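Raw target-v8.cif, mmCIF, C-alpha atoms:
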data_work
loop_
_atom_site.label_atom_id
_atom_site.label_comp_id
_atom_site.auth_asym_id
_atom_site.auth_seq_id
_atom_site.Cartn_x
_atom_site.Cartn_y
_atom_site.Cartn_z
CA MET W 30 -26.12 -59.65 19.80
CA ILE W 31 -29.07 -57.56 21.01
CA SER W 32 -27.63 -54.40 19.43
CA GLU W 33 -27.13 -56.21 16.12
CA ILE W 34 -30.74 -57.37 16.10
CA GLY W 35 -31.92 -53.88 16.96
CA ALA W 36 -29.89 -52.38 14.12
CA THR W 37 -31.30 -54.91 11.68
CA ASP W 38 -34.86 -54.21 12.80
CA GLU W 39 -34.31 -50.47 12.45
CA ALA W 40 -32.89 -50.81 8.92
CA ALA W 41 -35.85 -52.93 7.85
CA ARG W 42 -38.45 -50.64 9.43
CA PRO W 43 -40.41 -48.53 6.89
CA LEU W 44 -39.51 -44.85 6.78
CA ARG W 45 -41.80 -42.41 8.57
CA ALA W 46 -44.02 -40.38 6.26
CA ASP W 47 -41.88 -37.23 6.55
CA ALA W 48 -38.65 -39.20 6.04
CA ALA W 49 -40.15 -40.93 2.98
CA ARG W 50 -41.17 -37.55 1.54
CA ASN W 51 -37.69 -36.17 2.11
CA ARG W 52 -36.13 -39.18 0.43
CA ALA W 53 -38.39 -38.83 -2.63
CA LEU W 54 -37.68 -35.09 -2.77
CA ILE W 55 -33.93 -35.67 -2.58
CA LEU W 56 -34.05 -38.25 -5.38
CA GLU W 57 -36.15 -36.02 -7.63
CA THR W 58 -33.92 -32.99 -7.04
CA ALA W 59 -30.67 -34.96 -7.32
CA ALA W 60 -31.78 -36.27 -10.71
CA GLU W 61 -32.13 -32.70 -11.98
CA VAL W 62 -28.84 -31.51 -10.46
CA PHE W 63 -26.83 -34.52 -11.64
CA ALA W 64 -28.30 -34.23 -15.14
CA GLU W 65 -27.08 -30.63 -15.34
CA HIS W 66 -23.75 -30.81 -13.52
CA GLY W 67 -22.74 -34.47 -13.32
CA LEU W 68 -22.27 -36.69 -10.31
CA ASP W 69 -19.70 -34.35 -8.75
CA ALA W 70 -22.39 -31.77 -8.02
CA GLY W 71 -22.45 -30.89 -4.34
CA TYR W 72 -25.01 -32.03 -1.82
CA ASP W 73 -25.42 -28.34 -0.87
CA GLU W 74 -26.89 -27.60 -4.31
CA ILE W 75 -29.28 -30.54 -4.00
CA ALA W 76 -30.35 -29.32 -0.56
CA ARG W 77 -30.76 -25.72 -1.75
CA ARG W 78 -33.01 -26.68 -4.64
CA ALA W 79 -35.00 -29.10 -2.52
CA GLY W 80 -35.47 -26.48 0.21
CA ILE W 81 -34.08 -28.70 2.97
CA GLY W 82 -30.95 -28.74 5.12
CA VAL W 83 -27.83 -30.32 3.68
CA GLY W 84 -27.64 -32.48 6.80
CA THR W 85 -30.90 -34.13 5.76
CA VAL W 86 -29.34 -35.15 2.44
CA TYR W 87 -26.31 -36.63 4.19
CA ARG W 88 -28.47 -38.52 6.69
CA ARG W 89 -30.49 -40.15 3.94
CA PHE W 90 -27.48 -40.83 1.67
CA PRO W 91 -24.15 -40.72 3.56
CA GLU W 92 -22.30 -42.03 0.48
CA ARG W 93 -22.74 -40.57 -3.01
CA SER W 94 -22.74 -44.09 -4.48
CA GLU W 95 -25.83 -44.87 -2.39
CA LEU W 96 -27.66 -41.91 -3.90
CA VAL W 97 -26.65 -42.86 -7.45
CA ARG W 98 -27.78 -46.44 -6.95
CA ALA W 99 -31.09 -45.32 -5.41
CA LEU W 100 -31.69 -43.02 -8.37
CA PHE W 101 -31.10 -45.77 -10.87
CA GLU W 102 -33.22 -48.28 -8.96
CA THR W 103 -36.05 -45.74 -8.88
CA ARG W 104 -35.84 -45.32 -12.64
CA VAL W 105 -35.77 -49.09 -13.16
CA GLU W 106 -38.89 -49.48 -11.03
CA GLU W 107 -40.66 -46.85 -13.15
CA ILE W 108 -39.83 -48.83 -16.30
CA VAL W 109 -40.91 -52.06 -14.58
CA ALA W 110 -44.30 -50.47 -13.84
CA ILE W 111 -44.66 -49.57 -17.53
CA ALA W 112 -43.69 -53.12 -18.54
CA GLU W 113 -46.19 -54.67 -16.14
CA GLU W 114 -48.94 -52.44 -17.51
CA ALA W 115 -47.99 -53.39 -21.06
CA GLU W 116 -47.90 -57.07 -20.13
CA SER W 117 -51.52 -56.89 -18.95
CA ASN W 118 -52.74 -55.82 -22.41
CA GLU W 119 -54.69 -58.66 -24.04
CA ASP W 120 -53.20 -57.72 -27.42
CA ALA W 121 -49.59 -58.93 -27.25
CA TRP W 122 -48.36 -56.67 -30.07
CA ALA W 123 -50.14 -53.57 -28.73
CA GLY W 124 -48.69 -54.22 -25.30
CA LEU W 125 -45.16 -54.52 -26.64
CA ALA W 126 -45.48 -51.36 -28.76
CA TYR W 127 -46.87 -49.50 -25.73
CA PHE W 128 -43.93 -50.60 -23.59
CA LEU W 129 -41.33 -49.50 -26.13
CA GLU W 130 -42.96 -46.10 -26.61
CA LYS W 131 -43.48 -45.33 -22.92
CA ALA W 132 -40.05 -46.63 -21.89
CA LEU W 133 -38.43 -44.41 -24.50
CA GLU W 134 -40.48 -41.41 -23.43
CA ARG W 135 -39.20 -41.89 -19.88
CA GLN W 136 -35.59 -42.47 -20.88
CA VAL W 137 -35.41 -39.48 -23.24
CA VAL W 138 -36.74 -37.16 -20.54
CA ASP W 139 -34.12 -38.51 -18.12
CA ARG W 140 -31.30 -38.66 -20.64
CA GLY W 141 -28.94 -36.40 -18.73
CA LEU W 142 -29.06 -38.60 -15.65
CA LYS W 143 -28.70 -41.72 -17.79
CA GLU W 144 -25.56 -40.31 -19.41
CA VAL W 145 -23.74 -39.47 -16.20
CA MET W 146 -24.72 -42.73 -14.56
CA ALA W 147 -23.67 -44.79 -17.58
CA SER W 148 -20.24 -43.16 -17.49
CA THR W 149 -19.77 -43.58 -13.74
CA ILE W 150 -21.16 -46.89 -12.47
CA GLN W 151 -18.56 -49.55 -13.05
CA ASP W 152 -18.73 -53.23 -14.00
CA GLY W 153 -22.19 -52.96 -15.49
CA GLU W 154 -23.82 -52.73 -12.05
CA HIS W 155 -26.73 -50.70 -13.41
CA LEU W 156 -27.28 -53.24 -16.18
CA SER W 157 -27.46 -56.11 -13.70
CA ILE W 158 -30.07 -54.22 -11.66
CA GLY W 159 -32.19 -53.68 -14.75
CA ARG W 160 -31.68 -57.24 -15.95
CA GLU W 161 -32.95 -58.75 -12.71
CA ARG W 162 -36.12 -56.65 -12.62
CA LEU W 163 -36.91 -56.09 -16.29
CA GLY W 164 -35.41 -59.09 -18.03
CA PRO W 165 -38.10 -61.68 -17.27
CA ILE W 166 -40.94 -59.26 -18.10
CA ILE W 167 -39.47 -58.26 -21.47
CA GLU W 168 -38.70 -61.88 -22.32
CA GLY W 169 -42.33 -62.70 -21.56
CA MET W 170 -43.63 -59.92 -23.80
CA VAL W 171 -41.40 -61.04 -26.67
CA ALA W 172 -42.44 -64.68 -26.29
CA ARG W 173 -46.13 -63.72 -26.15
CA ALA W 174 -45.92 -61.55 -29.27
CA GLN W 175 -44.10 -64.32 -31.14
CA ALA W 176 -46.61 -66.94 -30.01
CA ALA W 177 -49.39 -64.70 -31.32
CA GLY W 178 -47.64 -64.59 -34.70
CA ALA W 179 -47.20 -60.81 -34.48
CA MET W 180 -43.41 -60.66 -34.07
CA ARG W 181 -40.72 -62.29 -36.16
CA SER W 182 -39.41 -65.43 -34.50
CA ASP W 183 -35.68 -64.62 -34.70
CA VAL W 184 -35.87 -61.57 -32.39
CA GLU W 185 -34.53 -61.86 -28.83
CA SER W 186 -35.25 -59.70 -25.80
CA THR W 187 -31.71 -58.29 -25.87
CA ASP W 188 -32.44 -56.93 -29.36
CA LEU W 189 -35.03 -54.71 -27.72
CA GLY W 190 -32.55 -53.62 -25.06
CA VAL W 191 -29.98 -52.59 -27.66
CA GLN W 192 -32.52 -50.61 -29.65
CA LEU W 193 -33.88 -48.87 -26.55
CA MET W 194 -30.32 -47.89 -25.65
CA LEU W 195 -29.72 -46.42 -29.10
CA MET W 196 -33.07 -44.77 -29.71
CA SER W 197 -33.10 -43.03 -26.33
CA SER W 198 -30.23 -40.87 -27.64
CA ILE W 199 -31.99 -39.81 -30.84
CA SER W 200 -33.23 -36.26 -30.45
CA THR W 201 -32.26 -32.76 -31.54
CA PRO W 202 -33.21 -29.32 -30.21
CA ALA W 203 -35.37 -28.84 -33.31
CA GLN W 204 -36.91 -32.34 -33.04
CA PRO W 205 -36.83 -33.53 -29.42
CA ASP W 206 -39.14 -36.41 -30.35
CA LEU W 207 -37.09 -37.56 -33.34
CA TRP W 208 -36.78 -40.99 -31.68
CA ARG W 209 -40.43 -41.62 -32.58
CA ARG W 210 -39.50 -41.84 -36.27
CA TYR W 211 -36.97 -44.57 -35.55
CA LEU W 212 -39.29 -46.36 -33.16
CA ALA W 213 -41.82 -46.62 -36.00
CA LEU W 214 -39.10 -48.05 -38.26
CA PHE W 215 -38.06 -50.51 -35.55
CA LEU W 216 -41.62 -51.67 -34.93
CA ASP W 217 -42.08 -52.30 -38.65
CA GLY W 218 -38.90 -54.35 -38.61
CA LEU W 219 -40.15 -56.43 -35.67
CA ARG W 220 -43.41 -57.46 -37.33
CA ALA W 221 -43.73 -61.00 -38.62
CA ARG W 222 -44.20 -61.21 -42.40
CA PRO W 223 -43.94 -64.11 -44.85
CA ASP W 224 -41.30 -62.37 -47.00
CA LEU W 225 -38.74 -61.73 -44.24
CA SER W 226 -35.09 -62.63 -44.64
CA PRO W 227 -33.48 -64.17 -41.55
CA LEU W 228 -31.45 -61.83 -39.37
CA PRO W 229 -27.65 -62.20 -39.63
CA LEU W 230 -25.56 -63.19 -36.62
CA LEU W 231 -26.91 -63.80 -33.13
CA ALA W 232 -28.53 -61.39 -30.70
CA PRO W 233 -26.07 -60.21 -28.03
CA ALA W 234 -26.07 -62.10 -24.76
CA ASP W 235 -26.95 -60.30 -21.54
CA GLU W 236 -23.27 -60.26 -20.61
CA ALA W 237 -22.45 -58.27 -23.76
CA MET W 238 -24.71 -55.34 -22.88
CA HIS W 239 -22.08 -53.67 -20.68
CA ALA W 240 -19.56 -53.77 -23.53
CA LEU W 241 -22.15 -52.29 -25.89
CA MET W 242 -22.86 -49.49 -23.42
CA CYS W 243 -19.14 -48.75 -23.11
CA ASN W 244 -18.77 -48.65 -26.90
CA LEU W 245 -21.74 -46.31 -27.17
CA ARG W 246 -20.26 -43.95 -24.57
CA GLY W 247 -16.73 -44.13 -25.98
CA ARG W 248 -15.36 -45.82 -22.84
CA GLU W 249 -12.92 -48.67 -22.40
CA ILE W 250 -14.49 -51.94 -21.24
#

Rewrite the structure from the file as structure tokens, please.
Amino acid sequence: MISEIGATDEAARPLRADAARNRALILETAAEVFAEHGLDAGYDEIARRAGIGVGTVYRRFPERSELVRALFETRVEEIVAIAEEAESNEDAWAGLAYFLEKALERQVVDRGLKEVMASTIQDGEHLSIGRERLGPIIEGMVARAQAAGAMRSDVESTDLGVQLMLMSSISTPAQPDLWRRYLALFLDGLRARPDLSPLPLLAPADEAMHALMCNLRGREI
């Protein structure tokens, strides 16, 4: 019993400063390596680029799945920080537009990692992580913009999720920021106007997002 309590206390204890720096360095380097070579890239390459021993990588992340999950959770937290900043804007529409732009900027930069993770994590695990942290904030931004009369009333928060998923893939070598054109079109479509026709069908439920991701990546559900 004593050993179990000790192990629990140790797991909950904050990392030392050097251990925390190593963990952040590993995550940053792994994101680059995985984006280039996929999730099968060796820990030795991550260690070489990070300038640390491969044993340090294994100590921090004994299982590759732990590293992948930590990477995705880090990215989700970055998007959450953007959403919280947007939510604090007194202008509901400006806050929503800011969130969409900054979230897309971050996703496009990290597209390689997003691709390999989307094709590897099973059962929509990454979507459930994002849903728990981001879902309530995005729902709040949508409701606030609609209450202010700035956004059409038949838009749901999952509509934003679908469009973010699609637009984050819109770029070319000649126009790496091509997604900005389609973000402008999307924002125009979100605005409330008296001459709008109602949207057909219903917005997808949260549970449908995994199927949409699989369709987008050409995978079986």

Explicit residue set for the PyMOL selection byres ((chain W and resi 185) around 9), as a list of chain:residue names: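 Given this file, the PyMOL selection byres ((chain W and resi 185) around 9) evaluates to W:Glu168, W:Val171, W:Ala172, W:Ser182, W:Asp183, W:Val184, W:Ser186, W:Thr187, W:Asp188, W:Leu189, W:Leu231, W:Ala232, W:Pro233.
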
Output file for the selection above: C-alpha atoms, as a PDB file, in the coordinates of the input:
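Produced file result-v7.pdb, reproduced below:
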ATOM      1  CA  GLU W 168     -38.700 -61.880 -22.320  1.00  0.00           C
ATOM      2  CA  VAL W 171     -41.400 -61.040 -26.670  1.00  0.00           C
ATOM      3  CA  ALA W 172     -42.440 -64.680 -26.290  1.00  0.00           C
ATOM      4  CA  SER W 182     -39.410 -65.430 -34.500  1.00  0.00           C
ATOM      5  CA  ASP W 183     -35.680 -64.620 -34.700  1.00  0.00           C
ATOM      6  CA  VAL W 184     -35.870 -61.570 -32.390  1.00  0.00           C
ATOM      7  CA  SER W 186     -35.250 -59.700 -25.800  1.00  0.00           C
ATOM      8  CA  THR W 187     -31.710 -58.290 -25.870  1.00  0.00           C
ATOM      9  CA  ASP W 188     -32.440 -56.930 -29.360  1.00  0.00           C
ATOM     10  CA  LEU W 189     -35.030 -54.710 -27.720  1.00  0.00           C
ATOM     11  CA  LEU W 231     -26.910 -63.800 -33.130  1.00  0.00           C
ATOM     12  CA  ALA W 232     -28.530 -61.390 -30.700  1.00  0.00           C
ATOM     13  CA  PRO W 233     -26.070 -60.210 -28.030  1.00  0.00           C
TER      14      PRO W 233
END

- request: Run the PyMOL selection byres ((chain W and resi 112) around 10) on the file and write out the hits as a VMD selection string.
  value: chain W and resid 106 to 111 113 to 117 124 to 125 127 to 129 131 to 132 163 166 to 167 170

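The smallest atom-to-atom distance between Met180 of chain W and any of W:Val83, W:Ala121, W:Cys243, W:Leu207, using all atoms listed in the file, is found for W:Ala121.
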
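Considering the residues W:His66, W:Arg78, W:Arg45, W:Arg160 and counting all atoms listed in the file, His239 of chain W has its shortest atom-to-atom contact with W:Arg160.
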
field: Counting all atoms listed in the file, the option among W:Ala70, W:Ala60, W:Asp224, W:Gln136 closest to Ala99 of chain W
entry: W:Ala60

- line: Min atom-atom distance to Ala240 of chain W from the set W:Ala46, W:Val191, W:Ala123, W:Leu54, counting only C-alpha atoms, belongs to W:Val191
